[in-house]
Number of protein chains: 2
Amino acid sequence: MNQDERASPAAELPYFEEAGSDAVVNSRMGAQADSRLRQVMEVFVRHLHAAVKEIEPTHAEWLAAIQFLTATGQMCNEWRQEYILLSDVLGVSMLVDAINHRRPSGATPNTILGPFYVENSPNYELGHNICLDGKGEPLIVSGRVVDTANNPVPHAKLEVWQTNNDGFYDVQQLGIQPESNLRGTFTADAEGSYWFRSVKPRHYPIPSDGPVGQLLEKIGRHPNRAAHLHFIVSAPGYEPVITHIFTPDCPYLHQDAVFGVKRELVADFRRVEDPAAAESAGLTAPFWSVAWDFTLAPLAR
Amino acid sequence: MNQDERASPAAELPYFEEAGSDAVVNSRMGAQADSRLRQVMEVFVRHLHAAVKEIEPTHAEWLAAIQFLTATGQMCNEWRQEYILLSDVLGVSMLVDAINHRRPSGATPNTILGPFYVENSPNYELGHNICLDGKGEPLIVSGRVVDTANNPVPHAKLEVWQTNNDGFYDVQQLGIQPESNLRGTFTADAEGSYWFRSVKPRHYPIPSDGPVGQLLEKIGRHPNRAAHLHFIVSAPGYEPVITHIFTPDCPYLHQDAVFGVKRELVADFRRVEDPAAAESAGLTAPFWSVAWDFTLAPLAR
């Protein structure tokens, strides 16, 4: 389609005016536009104009917004996606996730994947210790994978990943941490039970050296994520769940910088002093223990 | 302020939920945030979440939006501001301009400056021909600069710039067009009258080889601006006006890609066949003539 074909000289479309400005902009879309994109743009332009009218930005404020959006794009590279970070800190990523994962009551809620998931992490026998750098407070994680009727899901696959005790994922410290430190893949047994050893997770900051970090600073927000373990739990015939579990004592539990915390995902991490319990788990006392069941929803037919 | 000072471990702020998601995000802003920025973010987040909830984007659509915003930032360089272009084609630039220039009735309306204004263009005597490349249909522009009570504004300064007959500004074709082709600065006489010679302007496309051009193509919109001359008219004691005048016969008059056209700025360009009129103007027939008065508002005290 050349530019002239897109013009309709005879059409007397309305001129732009402050009142009804969004309708004027939306009236320009051609009939040949993809119908979903038309719908998306119609809604977006309507809300964008409403926001501008409510804000009444000065020219200087408008230019500052242009410069922020530009700098956010220019911060992105192969390793850094500043616009996803912006979406995260504005709650949009979690909102999109929530909209797309309205699960049956009782199923484990989904959360965002985050940037540090790695496919094909090492397969381990149940009980294996994924902490390879020896730092941090020992932890045992155990539980079951069940369906929404509480029946076991045998041989479910559990992928887990978390930061080390310094607040970094292995892939953020290649050559510093042992390879695949604090990540691994486990297979639940025939009764859906699983267990493995690790260390208690700690809070850590999202990357804050770019435009998004500067914005957080200006609006009086910190960049810290509440302490958590990440999981993807999957089994044939069930909807896979991407989720977190959170420690209840993290100072950022109610202030997660990316809004990832859901009440149902705050687990009961217990401190165990009993040396006999420690010895039977292959750890030394004191250690932490958390029991956590994952509930999978059947795949929609 | 370090990160720990921005945390308030005791505060039990609400967890994120789909219902009321914008309020959760906005509740995180610290009391120390700049009050105007707080206000701007509160409005923006509220409308952004409302748009996301109405659109219900899939994960793939969300990622496409992230990629578009990233590519738009990465298209920008010293010579190209793709985010301003995006603001322009979504009607936001004209909306911000309208909000900031609610003039007294009768004053010439403001429009956006556009990227091709150059400060300190050559000063010419009234009547000078600013077309230095000899291309296009000859034009005489004449009129008066008056105040809102129709009194002359003596010695007002008029800066004018426009594309050549190929649809390019001089600064887009450095080394191809004569220097300062089709731009200049004139001073009205003691009665506020002005006149100069040029060529009839033509429509031209905004830069469409980037993400914004691709978006326009996908939503069935062309990139063309309605044919116009740009003006900045100023005088001591009056609010300067950045404005356009538009030709009434342009096929894109009702479809300006950046929504710059206002009904009050469409001028009466008349075709003149009379050889005697042409000779007295120092032109050859046929030529075009437009009479246009600029009305300045007094500066607010």
# chains A, B, ... in the order shown; residues from 1 in each chain; ligands from 1
call {"tool": "select_by_dssp", "arguments": {"residues": "region 25-254 of chain A", "states": "alpha helix (DSSP H)", "output": "PyMOL selection string"}}
result
chain A and resi 25-27+35-55+59-74+82-89+92-100+211-218
call {"tool": "closest_residue", "arguments": {"among": "B:Ile140, B:Met75, B:Ala149, B:Leu126", "to": "Ser280 (chain B)", "atoms": "only C-alpha atoms"}}
result
B:Ile140
call {"tool": "closest_residue", "arguments": {"among": "B:Arg270, B:His254, B:Lys157, B:His230", "to": "chain A", "atoms": "only C-alpha atoms"}}
result
B:His254
call {"tool": "residues_around", "arguments": {"residues": "region 37-40 of chain B", "least_positions_apart": "3", "cutoff": "7 Å", "atoms": "only C-alpha atoms", "output": "CSV table (one decimal) with N, CA and C atoms, in the first residue's frame"}}
result
chain,number,residue,atom,x,y,z
A,55,ILE,N,-3.5,15.5,33.9
A,55,ILE,CA,-2.2,16.0,34.4
A,55,ILE,C,-2.0,17.4,34.0
A,219,ILE,N,10.5,9.0,43.4
A,219,ILE,CA,9.1,8.8,44.0
A,219,ILE,C,9.2,8.1,45.3
B,33,ALA,N,8.6,12.1,48.1
B,33,ALA,CA,8.6,12.4,46.6
B,33,ALA,C,8.1,13.8,46.4
B,34,ASP,N,8.6,14.4,45.3
B,34,ASP,CA,8.2,15.7,44.8
B,34,ASP,C,6.6,15.6,44.6
B,43,VAL,N,-1.8,9.8,38.6
B,43,VAL,CA,-2.8,9.9,37.5
B,43,VAL,C,-2.4,8.9,36.4
B,44,PHE,N,-1.1,8.9,36.1
B,44,PHE,CA,-0.6,8.0,35.0
B,44,PHE,C,-0.8,6.5,35.3
call {"tool": "select_by_dssp", "arguments": {"residues": "region 153-288 of chain A", "states": "strand (DSSP E)", "output": "ChimeraX atom specification"}}
result
/A:157-161,183-187,193-199,204-205,224-225,228-234,241-246,269-272,287-288
call {"tool": "residues_around", "arguments": {"residues": "region 211-215 of chain B", "least_positions_apart": "4", "cutoff": "10 Å", "atoms": "only C-alpha atoms", "output": "list in words"}}
result
Leu37 of chain A; Gln67, Phe68, Leu69, Thr70, Ala71, Thr72, Gly73, Gln74, Met75, Glu82, Tyr83, Ile84, Leu85, Leu86, Ser87, Asp88, Val89, Leu90, Pro205, Ile206, Pro207, Ile219, Gly220, Arg221, His222 and Pro223 of chain B
call {"tool": "write_last_selection", "arguments": {"atoms": "N, CA and C atoms", "output": "mmCIF file, in the first residue's frame"}}
result
data_model
loop_
_atom_site.group_PDB
_atom_site.id
_atom_site.type_symbol
_atom_site.label_atom_id
_atom_site.label_comp_id
_atom_site.auth_asym_id
_atom_site.auth_seq_id
_atom_site.Cartn_x
_atom_site.Cartn_y
_atom_site.Cartn_z
ATOM 1 N N LEU A 37 -5.592 -4.866 16.855
ATOM 2 C CA LEU A 37 -4.717 -3.705 17.044
ATOM 3 C C LEU A 37 -5.540 -2.418 17.107
ATOM 4 N N GLN B 67 8.534 -4.376 23.237
ATOM 5 C CA GLN B 67 9.495 -4.308 22.131
ATOM 6 C C GLN B 67 9.302 -3.038 21.309
ATOM 7 N N PHE B 68 8.052 -2.615 21.123
ATOM 8 C CA PHE B 68 7.794 -1.370 20.384
ATOM 9 C C PHE B 68 8.377 -0.172 21.140
ATOM 10 N N LEU B 69 8.126 -0.102 22.447
ATOM 11 C CA LEU B 69 8.626 1.021 23.246
ATOM 12 C C LEU B 69 10.154 1.043 23.241
ATOM 13 N N THR B 70 10.761 -0.128 23.296
ATOM 14 C CA THR B 70 12.224 -0.222 23.272
ATOM 15 C C THR B 70 12.770 0.252 21.928
ATOM 16 N N ALA B 71 12.184 -0.255 20.839
ATOM 17 C CA ALA B 71 12.661 0.110 19.503
ATOM 18 C C ALA B 71 12.484 1.610 19.250
ATOM 19 N N THR B 72 11.408 2.194 19.774
ATOM 20 C CA THR B 72 11.171 3.625 19.595
ATOM 21 C C THR B 72 12.276 4.433 20.280
ATOM 22 N N GLY B 73 12.677 4.020 21.468
ATOM 23 C CA GLY B 73 13.790 4.697 22.150
ATOM 24 C C GLY B 73 15.090 4.516 21.396
ATOM 25 N N GLN B 74 15.289 3.324 20.855
ATOM 26 C CA GLN B 74 16.568 3.044 20.206
ATOM 27 C C GLN B 74 16.665 3.678 18.829
ATOM 28 N N MET B 75 15.533 4.152 18.269
ATOM 29 C CA MET B 75 15.561 4.867 16.980
ATOM 30 C C MET B 75 16.069 6.306 17.155
ATOM 31 N N GLU B 82 12.228 9.890 17.854
ATOM 32 C CA GLU B 82 11.090 9.033 17.505
ATOM 33 C C GLU B 82 9.980 9.110 18.554
ATOM 34 N N TYR B 83 10.307 9.402 19.814
ATOM 35 C CA TYR B 83 9.246 9.513 20.832
ATOM 36 C C TYR B 83 8.427 10.799 20.650
ATOM 37 N N ILE B 84 9.070 11.873 20.196
ATOM 38 C CA ILE B 84 8.279 13.072 19.873
ATOM 39 C C ILE B 84 7.365 12.763 18.690
ATOM 40 N N LEU B 85 7.900 12.031 17.720
ATOM 41 C CA LEU B 85 7.090 11.631 16.570
ATOM 42 C C LEU B 85 5.881 10.793 17.028
ATOM 43 N N LEU B 86 6.117 9.882 17.964
ATOM 44 C CA LEU B 86 5.019 9.065 18.500
ATOM 45 C C LEU B 86 3.992 9.951 19.201
ATOM 46 N N SER B 87 4.479 10.879 20.005
ATOM 47 C CA SER B 87 3.592 11.834 20.677
ATOM 48 C C SER B 87 2.784 12.625 19.641
ATOM 49 N N ASP B 88 3.449 13.005 18.552
ATOM 50 C CA ASP B 88 2.784 13.776 17.492
ATOM 51 C C ASP B 88 1.660 12.969 16.837
ATOM 52 N N VAL B 89 1.957 11.742 16.432
ATOM 53 C CA VAL B 89 0.955 10.978 15.664
ATOM 54 C C VAL B 89 -0.178 10.463 16.550
ATOM 55 N N LEU B 90 0.047 10.448 17.869
ATOM 56 C CA LEU B 90 -1.047 10.062 18.785
ATOM 57 C C LEU B 90 -1.833 11.281 19.262
ATOM 58 N N PRO B 205 5.746 13.825 3.877
ATOM 59 C CA PRO B 205 5.615 12.811 4.943
ATOM 60 C C PRO B 205 6.530 13.101 6.117
ATOM 61 N N ILE B 206 6.059 12.796 7.318
ATOM 62 C CA ILE B 206 6.969 12.755 8.457
ATOM 63 C C ILE B 206 7.871 11.526 8.282
ATOM 64 N N PRO B 207 9.006 11.474 8.990
ATOM 65 C CA PRO B 207 9.895 10.311 8.813
ATOM 66 C C PRO B 207 9.145 9.020 9.156
ATOM 67 N N ILE B 219 -1.950 0.498 11.368
ATOM 68 C CA ILE B 219 -3.296 0.958 11.734
ATOM 69 C C ILE B 219 -3.950 1.728 10.585
ATOM 70 N N GLY B 220 -3.353 1.572 9.397
ATOM 71 C CA GLY B 220 -4.009 2.121 8.210
ATOM 72 C C GLY B 220 -3.993 3.636 8.140
ATOM 73 N N ARG B 221 -2.886 4.250 8.629
ATOM 74 C CA ARG B 221 -2.766 5.706 8.538
ATOM 75 C C ARG B 221 -1.572 6.065 7.655
ATOM 76 N N HIS B 222 -1.698 7.191 6.926
ATOM 77 C CA HIS B 222 -0.585 7.677 6.093
ATOM 78 C C HIS B 222 0.275 8.623 6.941
ATOM 79 N N PRO B 223 1.501 8.913 6.511
ATOM 80 C CA PRO B 223 2.400 9.763 7.302
ATOM 81 C C PRO B 223 2.415 11.235 6.875
#
